[in-house]
Amino acid sequence: MAKTILFVEDSASVRQVMNSTLTREGYDVILACDGQDALTRLDGSKIYLIISDVNMPNMDGLTFVKSAKQMPAYKSTPIIMLTTETQEVKMNEGKAADVKAWIVKPFQPAQLLAADSQLIQA
Amino acid sequence: MRKLSRSSGDVGKKITETIEAVSEAIEDTLVVSRKFARQDEETLGNAERIIDSVLRRFSRAASGLTESEELLRTENNAINYEISDVFVALQFQDRVSQILALVCDDLNKLEQHLNELKSQQADEGSSRSVNVEQWLEELSKTYTMEEQLTAHDGTKAEIKTDQPGITFF
């Protein structure tokens with residue numbers, strides 16, 4: 001059975017490319033356009049990995065991650081943050097929120113896929 | 001005695017006729033057998049030629065398929081590289097868009113601030129100016145990218161494309 005990944009990103013084009021890349025790799029992908037939208041997708045069903053952008057309208061990625069981690073079903077779900085942020089303060093905030101990997105944009109799809117399989121298998 | 005001799009001669013004659021008939025039958029059988037053996041040989045030869053031709057055609061088709069597969073694989077790799085490049089370009093566009101949004105917000109804030117100063121000047125009659133250093137200091141606090149910090153003091157910012165990218169915690 002295909003493993004489900006929640007991909008949260010406000011850029012529609014990045015969302016579309018990553019959706020087709022992840023689907024081609026055999027994952028089921030749930031897409032959300034910001035943190036608020038992503039929270040509505042968390043209905044208790046199993047999600048193997050959450051990939052989220054940091055800077056997004058309505059609700060930013062770190063606020064979303066902190067809310068998701070409060071839910072028992074997603075307490076141990078690994079999370080990858082995608083960001084243009086290079087500031088250590090933000091990165092440490094992510095680490096404190098139990099984020100497992102921090103990817104600075106621009107990244108290649110292959111890099112993200114490698115991180116995905118590493119975290120899903122772990 | 002004569003009767004016995006005649007009877008024996010008849011029997012001998014019949015035996016000779018029977019032997020001749022059997023010999024003829026064997027001869028005919030041999031002819032037919034040789035004919036069938038020749039036909040079998042021809043059929044076998046034909047079958048071998050057909051199998052050989054089919055195998056050669058199959059081999060040509062398989063080789064064509066291998067070439068097509070290689071071509072498809074190469075094209076698939078090329079497309080994947082192009083998708084990766086486009087994806088990276090999209091992310092750059094995303095960064096530029098974020099920087100522009102920040103610049104626009106700051107320009108709007110500056111316009112508002114200038115209007116406030118103008119109305120204060122009209123009310124109080126005294127002239128006030130923008131504290132540029134403080135303004136820039138405040139603006140730099142909103143930067144989230146290394147390139148913005150570099151560009152802030154007038155240095156040309158170059159976006160690094162070879163940065164390691166992933167940090168695992």
# chains A, B, ... in the order shown; residues from 1 in each chain; ligands from 1
$ closest_atom_pairs --of "chain A" --to "chain B" --cutoff "6 Å" --atoms "only C-alpha atoms" --output "Markdown table"
| residue | atom | partner | partner_atom | distance |
| --- | --- | --- | --- | --- |
| A:Glu85 | CA | B:Thr144 | CA | 5.1 |
| A:Thr86 | CA | B:Met145 | CA | 5.7 |
| A:Lys100 | CA | B:Phe169 | CA | 5.1 |
| A:Ala101 | CA | B:Phe168 | CA | 4.3 |
| A:Trp102 | CA | B:Thr167 | CA | 5.0 |
| A:Ile103 | CA | B:Ile166 | CA | 4.4 |
| A:Val104 | CA | B:Gly165 | CA | 4.9 |
| A:Pro106 | CA | B:Val88 | CA | 5.4 |
| A:Gln108 | CA | B:Ser84 | CA | 5.8 |
$ write_last_selection --atoms "C-alpha atoms" --output "mmCIF file, in the first residue's frame"
data_model
loop_
_atom_site.group_PDB
_atom_site.id
_atom_site.type_symbol
_atom_site.label_atom_id
_atom_site.label_comp_id
_atom_site.auth_asym_id
_atom_site.auth_seq_id
_atom_site.Cartn_x
_atom_site.Cartn_y
_atom_site.Cartn_z
ATOM 1 C CA GLU A 85 15.418 30.914 5.667
ATOM 2 C CA THR A 86 19.085 30.593 6.429
ATOM 3 C CA LYS A 100 13.587 16.134 11.517
ATOM 4 C CA ALA A 101 15.145 17.903 8.529
ATOM 5 C CA TRP A 102 15.616 21.463 7.316
ATOM 6 C CA ILE A 103 15.963 21.956 3.568
ATOM 7 C CA VAL A 104 17.074 25.317 2.198
ATOM 8 C CA PRO A 106 16.443 25.923 -3.947
ATOM 9 C CA GLN A 108 16.580 19.390 -6.355
#
$ residues_around --residues "Asp53 of chain A" --least-positions-apart "3" --cutoff "6 Å" --atoms "only C-alpha atoms" --output "PDB file with C-alpha atoms, in the first residue's frame"
ATOM      1  CA  GLU A   9       3.466  24.818   0.078  1.00  0.00           C
ATOM      2  CA  GLY A  61       4.915  26.370   8.542  1.00  0.00           C
ATOM      3  CA  MET A  81      10.748  21.941   6.521  1.00  0.00           C
ATOM      4  CA  LEU A  82      11.423  23.661   3.189  1.00  0.00           C
ATOM      5  CA  THR A  83      12.572  27.220   3.396  1.00  0.00           C
TER       6      THR A  83
END
$ select_by_dssp --residues "segment 23-59 of chain A" --states "strand (DSSP E)" --output "ChimeraX atom specification"
/A:28-32,49-53
$ atom_distance --atom1 "atom CA of Arg41 of chain A" --atom2 "atom CA of Asn92 of chain A"
26.3 Å
$ atom_distance --atom1 "atom CA of Leu107 of chain B" --atom2 "atom CA of Pro57 of chain A"
19.6 Å
$ residues_around --residues "Ser67 of chain A" --least-positions-apart "6" --cutoff "12 Å" --atoms "only C-alpha atoms" --output "PyMOL selection string"
chain A and resi 35-36+38-40+42+59-61+73-75+97-98
$ closest_residue --among "A:Val14, A:Ile51, A:Ile120, A:Leu62" --to "Ala2 of chain A" --atoms "only C-alpha atoms"
A:Ile120
$ select_by_dssp --residues "chain A" --states "alpha helix (DSSP H)" --output "PyMOL selection string"
chain A and resi 12-24+35-41+61-70+88-96+109-121
$ atom_distance --atom1 "atom CA of Ala68 of chain A" --atom2 "atom CA of Lys95 of chain A"
14.6 Å
$ closest_residue --among "A:Met1, A:Val29, A:Val54, A:Leu22" --to "Lys105 of chain A" --atoms "only C-alpha atoms"
A:Val54
$ residues_around --residues "Asn19 of chain A" --least-positions-apart "2" --cutoff "8 Å" --atoms "only C-alpha atoms" --output "list in words"
Phe7, Arg15, Gln16, Val17, Thr21, Leu22, Thr23, Val29 and Leu31 of chain A
$ write_last_selection --atoms "all heavy atoms" --output "short mmCIF file (atom, residue, chain, number, x, y, z; two decimals), in the first residue's frame"
data_model
loop_
_atom_site.label_atom_id
_atom_site.label_comp_id
_atom_site.auth_asym_id
_atom_site.auth_seq_id
_atom_site.Cartn_x
_atom_site.Cartn_y
_atom_site.Cartn_z
N PHE A 7 2.01 17.40 1.72
CA PHE A 7 2.92 18.41 1.19
C PHE A 7 2.27 19.79 1.30
O PHE A 7 1.23 20.03 0.70
CB PHE A 7 3.27 18.08 -0.26
CG PHE A 7 4.37 18.94 -0.82
CD1 PHE A 7 5.70 18.67 -0.50
CD2 PHE A 7 4.09 20.01 -1.64
CE1 PHE A 7 6.72 19.46 -0.99
CE2 PHE A 7 5.11 20.81 -2.14
CZ PHE A 7 6.43 20.53 -1.81
N ARG A 15 4.17 23.16 -5.75
CA ARG A 15 3.26 22.12 -5.28
C ARG A 15 3.00 21.10 -6.38
O ARG A 15 3.05 19.88 -6.16
CB ARG A 15 1.95 22.79 -4.88
CG ARG A 15 1.39 22.29 -3.59
CD ARG A 15 0.32 23.15 -3.00
NE ARG A 15 -0.65 23.71 -3.91
CZ ARG A 15 -0.98 24.99 -3.92
NH1 ARG A 15 -0.40 25.82 -3.09
NH2 ARG A 15 -1.89 25.45 -4.75
N GLN A 16 2.76 21.61 -7.57
CA GLN A 16 2.42 20.74 -8.71
C GLN A 16 3.59 19.83 -9.10
O GLN A 16 3.41 18.63 -9.30
CB GLN A 16 2.05 21.62 -9.89
CG GLN A 16 1.09 20.96 -10.83
CD GLN A 16 0.63 21.93 -11.90
OE1 GLN A 16 0.65 23.14 -11.71
NE2 GLN A 16 0.25 21.41 -13.04
N VAL A 17 4.79 20.43 -9.16
CA VAL A 17 5.96 19.63 -9.55
C VAL A 17 6.24 18.55 -8.51
O VAL A 17 6.48 17.39 -8.84
CB VAL A 17 7.22 20.53 -9.74
CG1 VAL A 17 8.45 19.68 -9.99
CG2 VAL A 17 7.02 21.49 -10.88
N THR A 21 6.27 14.48 -8.80
CA THR A 21 7.51 13.76 -8.46
C THR A 21 7.25 12.69 -7.39
O THR A 21 7.68 11.54 -7.54
CB THR A 21 8.58 14.75 -7.94
OG1 THR A 21 8.75 15.77 -8.90
CG2 THR A 21 9.90 14.08 -7.70
N LEU A 22 6.53 13.08 -6.35
CA LEU A 22 6.27 12.13 -5.25
C LEU A 22 5.33 11.01 -5.70
O LEU A 22 5.50 9.85 -5.33
CB LEU A 22 5.68 12.87 -4.04
CG LEU A 22 6.62 13.83 -3.32
CD1 LEU A 22 5.86 14.71 -2.34
CD2 LEU A 22 7.70 13.06 -2.56
N THR A 23 4.33 11.37 -6.52
CA THR A 23 3.38 10.36 -7.01
C THR A 23 4.11 9.34 -7.87
O THR A 23 3.88 8.14 -7.77
CB THR A 23 2.25 11.03 -7.82
OG1 THR A 23 1.68 12.05 -7.02
CG2 THR A 23 1.18 10.04 -8.22
N VAL A 29 -0.13 11.47 -2.25
CA VAL A 29 0.19 12.83 -1.81
C VAL A 29 -1.07 13.62 -1.48
O VAL A 29 -2.03 13.62 -2.24
CB VAL A 29 0.99 13.59 -2.90
CG1 VAL A 29 1.44 14.95 -2.40
CG2 VAL A 29 2.20 12.77 -3.35
N LEU A 31 -2.16 17.48 -0.75
CA LEU A 31 -1.61 18.82 -0.94
C LEU A 31 -2.37 19.84 -0.10
O LEU A 31 -3.58 19.74 0.05
CB LEU A 31 -1.69 19.22 -2.41
CG LEU A 31 -0.88 18.38 -3.40
CD1 LEU A 31 -1.23 18.77 -4.82
CD2 LEU A 31 0.61 18.52 -3.16
#
$ residues_around --residues "Ser76 of chain A" --least-positions-apart "5" --cutoff "12 Å" --atoms "only C-alpha atoms" --output "ChimeraX atom specification"
/A:46-50,65,68-71,97-100,119-120,122
$ write_last_selection --atoms "N, CA, C and O atoms" --output "CSV table (one decimal), in the first residue's frame"
chain,number,residue,atom,x,y,z
A,46,LYS,N,-3.5,7.9,8.9
A,46,LYS,CA,-2.0,7.7,8.9
A,46,LYS,C,-1.3,8.6,7.8
A,46,LYS,O,-1.6,8.5,6.7
A,47,ILE,N,-0.4,9.4,8.3
A,47,ILE,CA,0.5,10.1,7.4
A,47,ILE,C,1.9,9.8,7.7
A,47,ILE,O,2.3,9.9,8.9
A,48,TYR,N,2.7,9.3,6.8
A,48,TYR,CA,4.0,8.9,7.0
A,48,TYR,C,5.1,10.0,7.1
A,48,TYR,O,6.1,9.8,7.7
A,49,LEU,N,4.7,11.1,6.4
A,49,LEU,CA,5.7,12.2,6.4
A,49,LEU,C,5.0,13.5,6.1
A,49,LEU,O,4.1,13.5,5.3
A,50,ILE,N,5.4,14.6,6.8
A,50,ILE,CA,4.9,15.9,6.4
A,50,ILE,C,6.0,16.7,5.9
A,50,ILE,O,7.1,16.8,6.5
A,65,VAL,N,3.3,23.2,12.2
A,65,VAL,CA,4.0,22.0,12.7
A,65,VAL,C,3.7,21.9,14.2
A,65,VAL,O,3.5,20.8,14.7
A,68,ALA,N,0.3,20.6,14.7
A,68,ALA,CA,0.2,19.2,14.3
A,68,ALA,C,0.8,18.2,15.3
A,68,ALA,O,0.2,17.2,15.6
A,69,LYS,N,1.9,18.7,15.9
A,69,LYS,CA,2.5,17.9,17.0
A,69,LYS,C,1.7,17.7,18.2
A,69,LYS,O,2.0,16.8,19.1
A,70,GLN,N,0.7,18.6,18.4
A,70,GLN,CA,-0.2,18.5,19.6
A,70,GLN,C,-1.2,17.4,19.4
A,70,GLN,O,-1.8,16.9,20.3
A,71,MET,N,-1.4,17.0,18.1
A,71,MET,CA,-2.4,15.9,17.8
A,71,MET,C,-1.7,14.5,18.1
A,71,MET,O,-0.7,14.3,17.5
A,97,ALA,N,10.7,22.3,17.6
A,97,ALA,CA,9.4,21.8,17.3
A,97,ALA,C,9.4,20.3,16.8
A,97,ALA,O,8.4,19.8,16.3
A,98,ASP,N,10.5,19.6,17.0
A,98,ASP,CA,10.7,18.2,16.6
A,98,ASP,C,10.7,18.0,15.0
A,98,ASP,O,10.3,17.0,14.6
A,99,VAL,N,11.2,19.1,14.3
A,99,VAL,CA,11.3,18.9,12.9
A,99,VAL,C,12.6,18.0,12.7
A,99,VAL,O,13.5,18.1,13.4
A,100,LYS,N,12.5,17.1,11.7
A,100,LYS,CA,13.6,16.1,11.5
A,100,LYS,C,14.6,16.6,10.5
A,100,LYS,O,15.8,16.2,10.5
A,119,LEU,N,13.7,9.3,6.1
A,119,LEU,CA,12.8,9.6,7.2
A,119,LEU,C,11.7,8.6,7.4
A,119,LEU,O,11.3,8.2,8.4
A,120,ILE,N,11.2,8.2,6.2
A,120,ILE,CA,10.0,7.2,6.2
A,120,ILE,C,10.5,5.9,6.7
A,120,ILE,O,9.8,5.2,7.5
A,122,ALA,N,13.0,5.3,8.7
A,122,ALA,CA,13.6,5.4,10.1
A,122,ALA,C,12.6,5.0,11.1
A,122,ALA,O,11.4,5.2,10.9
